[in-house]
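Dumped input.tsv below, it's TSV, C-alpha atoms:
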chain	number	residue	atom	x	y	z
A	255	MET	CA	-24.92	-71.19	3.55
A	256	ASP	CA	-21.58	-69.53	2.82
A	257	PHE	CA	-19.49	-71.25	0.11
A	258	SER	CA	-16.71	-68.65	-0.10
A	259	GLY	CA	-14.17	-70.80	1.78
A	260	ASP	CA	-12.92	-74.34	1.30
A	261	MET	CA	-15.82	-75.80	3.30
A	262	PRO	CA	-19.45	-74.60	3.37
A	263	VAL	CA	-20.44	-72.82	6.59
A	264	THR	CA	-24.01	-72.31	7.72
A	265	ARG	CA	-25.18	-68.76	8.31
A	266	SER	CA	-25.92	-69.54	11.96
A	267	ALA	CA	-22.45	-70.99	12.58
A	268	ALA	CA	-20.79	-67.96	10.97
A	269	VAL	CA	-22.82	-65.54	13.10
A	270	ILE	CA	-22.05	-67.44	16.31
A	271	ALA	CA	-18.31	-67.46	15.54
A	272	HIS	CA	-18.42	-63.70	14.88
A	273	LEU	CA	-20.31	-62.97	18.10
A	274	LYS	CA	-17.82	-64.98	20.13
A	275	LYS	CA	-14.93	-63.14	18.49
A	276	LYS	CA	-16.55	-59.79	19.37
A	277	ARG	CA	-17.22	-61.03	22.94
A	278	ALA	CA	-20.94	-60.44	22.52
A	279	LEU	CA	-21.49	-64.14	23.18
A	280	GLY	CA	-19.53	-65.79	25.95
A	281	LYS	CA	-19.72	-68.41	28.65
A	282	GLY	CA	-22.95	-67.95	30.59
A	283	SER	CA	-24.54	-65.60	28.03
A	284	LYS	CA	-28.29	-66.04	27.65
A	285	VAL	CA	-29.60	-65.52	24.11
A	286	LEU	CA	-33.10	-64.62	22.93
A	287	ASP	CA	-33.40	-65.44	19.23
A	288	TYR	CA	-36.04	-63.09	17.85
A	289	GLY	CA	-37.89	-64.68	14.94
A	290	CYS	CA	-36.48	-68.08	15.86
A	291	HIS	CA	-38.65	-70.12	13.45
A	292	ARG	CA	-37.77	-73.80	14.09
A	293	GLY	CA	-34.78	-73.06	16.31
A	294	ALA	CA	-31.91	-73.75	13.88
A	295	PHE	CA	-29.81	-70.94	15.38
A	296	LEU	CA	-30.64	-71.90	18.97
A	297	ALA	CA	-29.68	-75.51	18.33
A	298	LEU	CA	-26.07	-74.48	17.66
A	299	LEU	CA	-25.67	-72.53	20.92
A	300	SER	CA	-23.87	-74.04	23.90
A	301	GLY	CA	-24.91	-73.41	27.49
A	302	ARG	CA	-28.34	-73.02	29.05
A	303	GLY	CA	-30.99	-70.36	29.43
A	304	HIS	CA	-31.46	-69.52	25.75
A	305	ALA	CA	-34.94	-68.95	24.31
A	306	GLY	CA	-36.79	-68.27	21.09
A	307	TYR	CA	-39.41	-65.68	20.19
A	308	ASP	CA	-41.77	-65.74	17.23
A	309	VAL	CA	-45.17	-64.35	16.30
A	310	SER	CA	-46.72	-67.78	15.70
A	311	GLU	CA	-47.48	-70.67	18.04
A	312	GLN	CA	-46.70	-72.96	15.11
A	313	TYR	CA	-43.07	-73.53	16.07
A	314	ARG	CA	-43.53	-73.91	19.84
A	315	PRO	CA	-43.49	-77.75	19.86
A	316	VAL	CA	-40.33	-77.84	17.76
A	317	VAL	CA	-38.39	-75.23	19.75
A	318	GLU	CA	-39.50	-76.55	23.14
A	319	GLY	CA	-38.64	-80.04	21.91
A	320	LEU	CA	-35.07	-78.80	21.44
A	321	GLY	CA	-35.06	-77.78	25.11
A	322	PHE	CA	-35.58	-74.02	24.79
A	323	SER	CA	-38.25	-71.70	26.18
A	324	TYR	CA	-40.55	-70.22	23.55
A	325	TYR	CA	-42.15	-66.77	23.71
A	326	THR	CA	-44.75	-64.96	21.62
A	327	PRO	CA	-46.52	-61.58	21.73
A	328	ASP	CA	-49.14	-63.27	23.94
A	329	ARG	CA	-46.53	-64.87	26.24
A	330	THR	CA	-43.75	-62.35	26.45
A	331	PRO	CA	-40.21	-62.99	27.76
A	332	PRO	CA	-39.20	-61.78	31.24
A	333	ALA	CA	-37.74	-58.29	31.54
A	334	LYS	CA	-33.97	-57.83	31.63
A	335	LYS	CA	-33.17	-61.55	31.49
A	336	PHE	CA	-31.08	-61.90	28.33
A	337	ASP	CA	-27.54	-60.82	27.45
A	338	LEU	CA	-27.94	-61.01	23.69
A	339	LEU	CA	-30.83	-60.51	21.28
A	340	THR	CA	-30.35	-61.97	17.78
A	341	LEU	CA	-32.34	-61.16	14.64
A	342	ILE	CA	-31.01	-63.30	11.80
A	343	HIS	CA	-32.83	-62.27	8.61
A	344	VAL	CA	-35.79	-61.06	10.66
A	345	PHE	CA	-35.44	-57.27	10.84
A	346	GLU	CA	-36.39	-56.82	7.15
A	347	HIS	CA	-39.69	-58.64	7.82
A	348	LEU	CA	-40.84	-56.15	10.46
A	349	GLU	CA	-43.34	-53.62	9.15
A	350	ASN	CA	-42.76	-51.36	12.16
A	351	PRO	CA	-39.53	-52.38	13.94
A	352	SER	CA	-39.97	-49.87	16.78
A	353	SER	CA	-43.19	-51.50	17.99
A	354	ALA	CA	-42.40	-55.06	16.89
A	355	MET	CA	-39.16	-55.03	18.91
A	356	ASN	CA	-40.70	-53.86	22.22
A	357	ASP	CA	-40.75	-57.34	23.78
A	358	GLY	CA	-37.16	-58.05	22.74
A	359	ILE	CA	-35.70	-54.75	23.94
A	360	ARG	CA	-37.52	-55.09	27.26
A	361	ALA	CA	-36.08	-58.59	27.70
A	362	LEU	CA	-32.49	-57.34	27.33
A	363	LYS	CA	-30.30	-56.51	30.29
A	364	ASP	CA	-29.18	-52.88	30.56
A	365	ASN	CA	-25.89	-53.60	28.80
A	366	GLY	CA	-27.39	-56.25	26.53
A	367	LYS	CA	-26.18	-56.67	22.94
A	368	ILE	CA	-28.23	-56.93	19.74
A	369	ALA	CA	-27.01	-58.70	16.61
A	370	ILE	CA	-28.93	-57.94	13.41
A	371	GLN	CA	-28.30	-59.58	10.05
A	372	VAL	CA	-30.19	-58.49	6.92
A	373	PRO	CA	-29.80	-58.99	3.15
A	374	ASP	CA	-27.55	-56.55	1.31
A	375	PRO	CA	-29.58	-55.35	-1.69
A	376	VAL	CA	-26.45	-54.07	-3.45
A	377	THR	CA	-24.88	-57.52	-3.78
A	378	GLN	CA	-28.21	-59.35	-3.52
A	379	PRO	CA	-30.55	-57.25	-5.72
A	380	THR	CA	-33.02	-60.07	-6.27
A	381	ASP	CA	-34.00	-59.68	-2.63
A	382	LEU	CA	-36.28	-56.90	-3.85
A	383	TYR	CA	-38.52	-59.62	-5.31
A	384	VAL	CA	-39.20	-61.12	-1.85
A	385	MET	CA	-42.76	-60.07	-1.04
A	386	ASP	CA	-42.58	-60.22	2.77
A	387	HIS	CA	-39.49	-58.01	3.08
A	388	PHE	CA	-40.88	-54.66	4.17
A	389	SER	CA	-37.48	-52.91	4.20
A	390	HIS	CA	-34.15	-53.03	2.38
A	391	PHE	CA	-31.11	-51.66	4.16
A	392	SER	CA	-27.89	-49.85	3.47
A	393	PRO	CA	-25.40	-49.72	6.37
A	394	ARG	CA	-26.54	-46.21	7.25
A	395	SER	CA	-30.28	-46.96	7.10
A	396	LEU	CA	-29.76	-50.08	9.23
A	397	GLN	CA	-27.99	-48.04	11.88
A	398	LYS	CA	-30.66	-45.34	11.67
A	399	SER	CA	-33.45	-47.89	12.17
A	400	ALA	CA	-31.62	-49.45	15.11
A	401	PHE	CA	-31.07	-46.01	16.67
A	402	ARG	CA	-34.86	-45.62	16.92
A	403	LEU	CA	-34.90	-48.72	19.13
A	404	GLY	CA	-32.75	-46.99	21.74
A	405	VAL	CA	-29.51	-48.81	20.98
A	406	ARG	CA	-26.02	-47.71	19.97
A	407	ALA	CA	-23.72	-49.22	17.38
A	408	LEU	CA	-20.72	-51.19	18.63
A	409	GLU	CA	-19.28	-51.50	15.13
A	410	PRO	CA	-20.35	-50.50	11.60
A	411	PRO	CA	-22.38	-53.07	9.64
A	412	ARG	CA	-20.08	-55.48	7.83
A	413	ARG	CA	-20.41	-58.11	5.11
A	414	LEU	CA	-19.76	-61.08	7.36
A	415	LEU	CA	-21.22	-63.31	4.64
A	416	ALA	CA	-21.66	-62.60	0.95
A	417	GLY	CA	-24.91	-60.79	0.23
A	418	GLU	CA	-25.64	-59.84	3.85
A	419	TRP	CA	-25.06	-57.04	6.35
A	420	THR	CA	-24.29	-57.98	9.95
A	421	ALA	CA	-24.33	-55.32	12.67
A	422	LEU	CA	-23.78	-55.35	16.42
A	423	PHE	CA	-25.49	-52.94	18.82
A	424	GLU	CA	-25.76	-52.37	22.56
A	425	ARG	CA	-28.74	-51.23	24.58
A	426	GLY	CA	-28.34	-47.55	25.46
A	427	ALA	CA	-28.85	-44.03	24.12
A	428	SER	CA	-26.81	-42.84	21.15
A	429	ARG	CA	-26.65	-40.21	18.46
A	430	PRO	CA	-28.18	-40.69	14.99
A	431	PRO	CA	-25.66	-42.09	12.48
A	432	ALA	CA	-23.72	-39.51	10.50
A	433	GLY	CA	-22.94	-39.66	6.82
A	434	ARG	CA	-24.50	-38.98	3.47
A	435	ASN	CA	-27.57	-40.90	2.34
A	436	THR	CA	-26.51	-42.75	-0.83
A	437	ALA	CA	-29.51	-45.07	-0.95
A	438	PRO	CA	-31.47	-43.36	-3.78
A	439	SER	CA	-28.65	-43.63	-6.34
A	440	ALA	CA	-27.78	-47.16	-5.22
A	441	PHE	CA	-31.36	-48.36	-5.57
A	442	ARG	CA	-31.64	-46.83	-9.05
A	443	SER	CA	-28.64	-48.93	-10.07
A	444	ILE	CA	-30.14	-52.01	-8.43
A	445	ARG	CA	-33.40	-51.56	-10.33
A	446	GLU	CA	-31.46	-51.20	-13.58
A	447	SER	CA	-29.58	-54.42	-12.81
A	448	LEU	CA	-32.85	-56.27	-12.21
A	449	ALA	CA	-34.34	-54.89	-15.43
A	450	ARG	CA	-31.39	-56.28	-17.41
A	451	GLY	CA	-31.89	-59.69	-15.81
A	452	GLU	CA	-35.59	-59.63	-16.67
A	453	GLU	CA	-34.70	-58.82	-20.30
A	454	ARG	CA	-32.39	-61.86	-20.41
A	455	LEU	CA	-35.16	-64.09	-19.08
A	456	LEU	CA	-37.65	-62.74	-21.60
A	457	LYS	CA	-35.26	-63.58	-24.47
A	458	VAL	CA	-34.94	-67.17	-23.21
A	459	LYS	CA	-38.71	-67.46	-22.90
A	460	LYS	CA	-39.24	-66.20	-26.44
A	461	SER	CA	-36.61	-68.64	-27.77
A	462	ARG	CA	-38.53	-71.59	-26.25
A	463	LEU	CA	-35.20	-73.36	-25.74
A	464	PRO	CA	-35.12	-76.09	-23.05
A	465	CYS	CA	-32.78	-75.31	-20.19
A	466	ALA	CA	-31.60	-76.33	-16.74
A	467	LEU	CA	-31.45	-73.97	-13.77
A	468	TYR	CA	-28.39	-73.91	-11.50
A	469	GLY	CA	-29.89	-72.94	-8.13
A	470	ALA	CA	-33.02	-74.51	-6.63
A	471	GLY	CA	-33.69	-71.80	-4.05
A	472	LEU	CA	-36.17	-68.93	-4.09
A	473	LEU	CA	-34.77	-67.23	-7.19
A	474	GLY	CA	-34.65	-70.53	-9.06
A	475	SER	CA	-38.27	-71.28	-8.19
A	476	MET	CA	-39.38	-67.87	-9.50
A	477	VAL	CA	-37.49	-68.35	-12.76
A	478	ALA	CA	-38.87	-71.90	-13.17
A	479	ARG	CA	-42.39	-70.55	-12.79
A	480	PHE	CA	-41.73	-67.88	-15.44
A	481	LEU	CA	-40.17	-70.39	-17.87
A	482	LYS	CA	-42.75	-73.09	-17.20
A	483	GLY	CA	-42.39	-75.93	-19.71
A	484	GLN	CA	-38.83	-75.00	-20.73
A	485	VAL	CA	-36.98	-76.05	-17.55
A	486	LYS	CA	-35.86	-79.72	-17.53
A	487	TYR	CA	-34.40	-79.84	-14.01
A	488	PHE	CA	-32.45	-77.98	-11.36
A	489	ILE	CA	-28.76	-78.27	-10.48
A	490	ASP	CA	-27.74	-77.47	-6.92
A	491	ASP	CA	-24.71	-77.90	-4.66
A	492	SER	CA	-26.77	-78.30	-1.48
A	493	PRO	CA	-27.81	-81.87	-0.56
A	494	GLN	CA	-30.68	-80.34	1.45
A	495	LEU	CA	-32.32	-79.13	-1.76
A	496	ARG	CA	-32.00	-82.40	-3.68
A	497	LYS	CA	-35.42	-83.73	-2.86
A	498	ALA	CA	-38.55	-82.49	-4.59
A	499	GLY	CA	-37.61	-79.29	-6.42
A	500	PRO	CA	-39.76	-76.24	-7.14
A	501	GLU	CA	-42.54	-76.74	-9.68
A	502	GLY	CA	-42.18	-80.52	-9.18
A	503	LEU	CA	-38.86	-80.60	-11.08
A	504	PRO	CA	-35.98	-82.91	-10.09
A	505	VAL	CA	-32.83	-81.48	-8.47
A	506	HIS	CA	-29.47	-82.98	-9.41
A	507	SER	CA	-25.95	-82.62	-8.08
A	508	PRO	CA	-23.55	-81.03	-10.59
A	509	ASP	CA	-21.61	-84.31	-10.43
A	510	SER	CA	-24.53	-86.51	-11.49
A	511	LEU	CA	-26.45	-84.87	-14.30
A	512	PRO	CA	-28.62	-86.98	-16.64
A	513	GLY	CA	-26.66	-86.24	-19.83
A	514	ASP	CA	-25.64	-82.95	-21.45
A	515	PRO	CA	-27.51	-80.14	-19.71
A	516	GLY	CA	-27.50	-77.87	-22.76
A	517	LEU	CA	-28.32	-74.29	-21.80
A	518	ILE	CA	-27.90	-73.58	-18.08
A	519	LEU	CA	-29.30	-70.45	-16.46
A	520	ILE	CA	-27.56	-69.52	-13.22
A	521	THR	CA	-30.26	-68.76	-10.64
A	522	VAL	CA	-28.26	-68.68	-7.42
A	523	PRO	CA	-28.29	-65.38	-5.48
A	524	PRO	CA	-26.23	-62.79	-7.40
A	525	SER	CA	-23.53	-62.68	-4.72
A	526	ALA	CA	-22.72	-66.33	-5.54
A	527	SER	CA	-23.19	-66.21	-9.33
A	528	ALA	CA	-19.51	-65.59	-10.20
A	529	ARG	CA	-18.46	-68.70	-8.27
A	530	VAL	CA	-21.07	-70.84	-10.02
A	531	GLN	CA	-20.20	-69.33	-13.42
A	532	SER	CA	-16.55	-70.33	-12.95
A	533	LYS	CA	-17.57	-73.84	-11.96
A	534	CYS	CA	-19.74	-74.19	-15.07
A	535	LEU	CA	-17.03	-72.87	-17.38
A	536	ALA	CA	-14.54	-75.35	-15.91
A	537	ARG	CA	-16.92	-78.16	-16.88
A	538	GLY	CA	-17.43	-76.77	-20.39
A	539	TRP	CA	-21.11	-76.01	-19.84
A	540	ASN	CA	-23.06	-73.34	-21.69
A	541	ALA	CA	-24.06	-71.31	-18.64
A	542	ARG	CA	-25.51	-67.81	-18.50
A	543	THR	CA	-25.91	-65.62	-15.44
A	544	VAL	CA	-29.42	-64.16	-15.21
A	545	PHE	CA	-28.95	-61.55	-12.50
A	546	ASN	CA	-25.62	-59.85	-11.87
A	547	PHE	CA	-25.08	-57.80	-8.75
A	548	PHE	CA	-24.38	-54.09	-8.81
A	549	ARG	CA	-20.91	-53.25	-7.52
A	550	ALA	CA	-20.99	-50.17	-5.32
A	551	SER	CA	-18.03	-47.83	-5.53
Rewrite the coordinates I just gave you, this time as structure tokens.
Amino acid sequence: MDFSGDMPVTRSAAVIAHLKKKRALGKGSKVLDYGCHRGAFLALLSGRGHAGYDVSEQYRPVVEGLGFSYYTPDRTPPAKKFDLLTLIHVFEHLENPSSAMNDGIRALKDNGKIAIQVPDPVTQPTDLYVMDHFSHFSPRSLQKSAFRLGVRALEPPRRLLAGEWTALFERGASRPPAGRNTAPSAFRSIRESLARGEERLLKVKKSRLPCALYGAGLLGSMVARFLKGQVKYFIDDSPQLRKAGPEGLPVHSPDSLPGDPGLILITVPPSASARVQSKCLARGWNARTVFNFFRAS
């Protein structure tokens, strides 16, 4: 979810709007969503002939129930059928993209497009804590990995949404990306940023002060586990998360808290922490950001 504008926009909706603007997705385009999960991206597409691909049979009933074909490594998609291949927060999960992408590349038409969106570790350093992310990408390393698939870049990776890189490629031979590799120095700074956040958490743990966590997502659940017994509840802007929170804790809207929250730790992704910090200050809350993001020059 992107909250940078006046109204929240889902990641899928933002990607679709971008692909239409770049004419990678048009009337009659057939899309194969690689790593489709439950079909949230597919459900927003208009037209017919779209399909999903995933490694598990688990999601077949859901995706087929939405009216889309569903493919797996055991039931591969037809060759050269699709105009666009999408990987929305999937590429970083592939241990060996060159082999894992064989079915998808084969299913693309000769001039087919590929849209890849991955986390940006510079503005989203806590992504390094996600255990099933095999890779973390800079713009250059993303282009280099895509080059090995036999595709060429149509535009440089861009921050379409905060905390993410979005890149568009086309099937066809190309040259390796040029430019200096700045990843080692960037990742040193990212690790330093994470270490400072861990120090802040350790101080709170040692203080034994009760607190609330603003952000009931993955980062919030990790912090709640670390501060077990000190966290009273979660605060979150998303109605989708206001059910049963991580660690069995309640999740409240910022407009309906049960009394003075006291100390609030901001546990939204770092790319959104400044927005949440401003919101908390406007309400007069004692809020502290746990993880800041590293600003690249």
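Close to (-28.5, -63.1, 16.8), meaning no more than 10 Å away when counting only C-alpha atoms, sit the residues Ser266, Val269, Ile270, Leu273, Ala278, Leu279, Val285, Leu286, Asp287, Tyr288, Gly289, Cys290, Phe295, Leu296, Leu338, Leu339, Thr340, Leu341, Ile342, His343, Val344, Lys367, Ile368, Ala369, Ile370, Gln371, Thr420, Ala421 and Leu422 of chain A.
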For Asp337 in chain A, the nearest of the candidates A:Asp364, A:Asp374, A:Glu349, A:Asp490, counting all atoms listed in the file: A:Asp364
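Shortest separation to Gly499 in chain A among A:Arg425, A:Lys486, A:Arg450, A:His387 occurs at residue A:Lys486, atoms counted being all atoms listed in the file.
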One-decimal distance in Å that lies between CA of Lys335 in chain A and CA of Gly301 in chain A: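 Interatomic distance here is 15.0 Å.
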For CA of Ile489 in chain A and CA of Gly474 in chain A, the interatomic separation in Å (one decimal):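 Separation between CA of Ile489 in chain A and CA of Gly474 in chain A: 9.8 Å.
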From A:Ala440, A:Leu396, A:Val522, A:Leu481, residue lying nearest Arg462 in chain A [only C-alpha atoms]: A:Leu481
Near-Arg402 in chain A list (9 Å; only C-alpha atoms; drop same-chain fewer than 4 positions) as JSON, numbers by chain: {"A": [351, 352, 397, 398, 430]}
